[in-house]
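This report refers to the structure that appears directly beneath it.
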Amino acid sequence: MKETNSSIKVCKVSELPSGQSKCVQVNDKEIAVFNVHGKFYAIDNICIHAGGSLHDGSLDEEKCQVTCGWHGWGFDLATGKCVTHPRQDVVTGTYTVKVEGDDIVVLA
């Protein structure tokens, strides 16, 4: 996970149902927040391959992965690891997500 220096309220828990995602701007970054069976994950929204929007990608809740709609690169939401690339060191940024009361908060 990346070092945190600010937090942003994403939305209310009730506003992000399971299987859905939301993109938020934190400082100069776009961060995609996903709800997978009631657990929240946050990763860099921009695919490291060609710049596609990951929050617009295909979410596989069973594998806890998102696939970029542009070229099919898949990412593990918990680790940021690219699951479709043969190299093991290809990762995107991940962020801590907390639920504070009814609010989803990303530390970025």
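Residue numbering restarts at 1 for every chain of the structure tokens, chains are lettered A, B, ... in their displayed order, and ligands are numbered from 1 as they appear.
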Need to verify the contact set: Ala108 of chain A, 12 Å, only C-alpha atoms, exclusion of same-chain residues closer than 2 positions in sequence. Can you return it as an mmCIF file with C-alpha atoms, in the first residue's frame?
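Result file is selection_36.cif:
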```cif
data_model
loop_
_atom_site.group_PDB
_atom_site.id
_atom_site.type_symbol
_atom_site.label_atom_id
_atom_site.label_comp_id
_atom_site.auth_asym_id
_atom_site.auth_seq_id
_atom_site.Cartn_x
_atom_site.Cartn_y
_atom_site.Cartn_z
ATOM 1 C CA MET A 1 0.000 0.000 0.000
ATOM 2 C CA LYS A 2 1.075 3.536 -0.635
ATOM 3 C CA GLU A 3 1.991 5.947 2.119
ATOM 4 C CA THR A 4 -1.010 7.937 3.298
ATOM 5 C CA ASN A 5 -1.106 11.655 3.839
ATOM 6 C CA SER A 6 -4.769 12.514 3.289
ATOM 7 C CA SER A 7 -8.167 10.908 3.414
ATOM 8 C CA ILE A 8 -11.285 11.415 1.385
ATOM 9 C CA LYS A 9 -14.862 10.398 1.996
ATOM 10 C CA VAL A 10 -15.955 8.363 -1.009
ATOM 11 C CA VAL A 24 -12.804 9.476 -6.782
ATOM 12 C CA GLN A 25 -10.165 12.151 -7.170
ATOM 13 C CA VAL A 26 -7.626 12.324 -4.343
ATOM 14 C CA ASN A 27 -5.057 15.073 -4.756
ATOM 15 C CA ASP A 28 -3.826 14.488 -8.331
ATOM 16 C CA LYS A 29 -4.831 10.799 -8.561
ATOM 17 C CA GLU A 30 -7.922 8.955 -9.686
ATOM 18 C CA ILE A 31 -8.701 6.091 -7.316
ATOM 19 C CA ALA A 32 -11.208 3.320 -8.026
ATOM 20 C CA VAL A 33 -13.131 1.992 -5.024
ATOM 21 C CA ALA A 42 -9.176 0.902 -3.533
ATOM 22 C CA ILE A 43 -6.617 0.874 -6.352
ATOM 23 C CA ASP A 44 -5.265 3.357 -8.865
ATOM 24 C CA GLY A 93 -1.219 1.207 -6.418
ATOM 25 C CA THR A 94 -3.503 0.080 -3.607
ATOM 26 C CA TYR A 95 -4.935 2.158 -0.773
ATOM 27 C CA THR A 96 -6.369 1.564 2.664
ATOM 28 C CA VAL A 97 -10.158 1.795 2.862
ATOM 29 C CA LYS A 98 -11.975 2.290 6.149
ATOM 30 C CA VAL A 105 -13.077 6.622 3.483
ATOM 31 C CA VAL A 106 -9.914 6.151 1.417
#
```
Could you pull out the residues in chain A that DSSP calls strand (DSSP E) from the backbone, as a PyMOL selection string? chain A and resi 7-12+21-26+29-36+39-44+58-60+65-67+74-76+94-100+103-107
When distances are computed from only C-alpha atoms, which of A:Glu61, A:Glu15, A:Asp56, A:Asp102 shows the smallest separation from Ala78 of chain A?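 Closest candidate: A:Glu61.
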Of the candidates A:Gln20, A:Thr79, A:Thr92, A:Ser14, which shows the shortest atom-to-atom distance to Gly51 of chain A, using only C-alpha atoms? A:Thr92
Close residues, Gly38 of chain A itself excluded, 10 Å, only C-alpha atoms, min 3 positions apart in chain, as a ChimeraX atom specification: /A:13,16-19,34-35,41
Surrounding residues of Val83 of chain A excluding itself and chain neighbours under 5 positions, 10 Å, only C-alpha atoms, as a ChimeraX atom specification: /A:65-67,73-76,88,90-91
How far is it from atom CA of Val99 of chain A to atom CA of Cys11 of chain A, in Å with one decimal?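 Atom-to-atom, atom CA of Val99 of chain A and atom CA of Cys11 of chain A are spaced 10.0 Å apart.
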So the first atom is atom CA of Cys64 of chain A and the second is atom CA of Leu77 of chain A; what is the distance between them in Å, to one decimal place? 5.8 Å
At what distance in Å, to one decimal, does atom CA of Ile48 of chain A lie from atom CA of Gly80 of chain A?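 Between atom CA of Gly80 of chain A and atom CA of Ile48 of chain A the gap is 10.7 Å.
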Neighbours of His55 of chain A within 7 Å (only C-alpha atoms; same-chain residues fewer than 3 positions away dropped), as a ChimeraX atom specification? /A:21-23,32,45
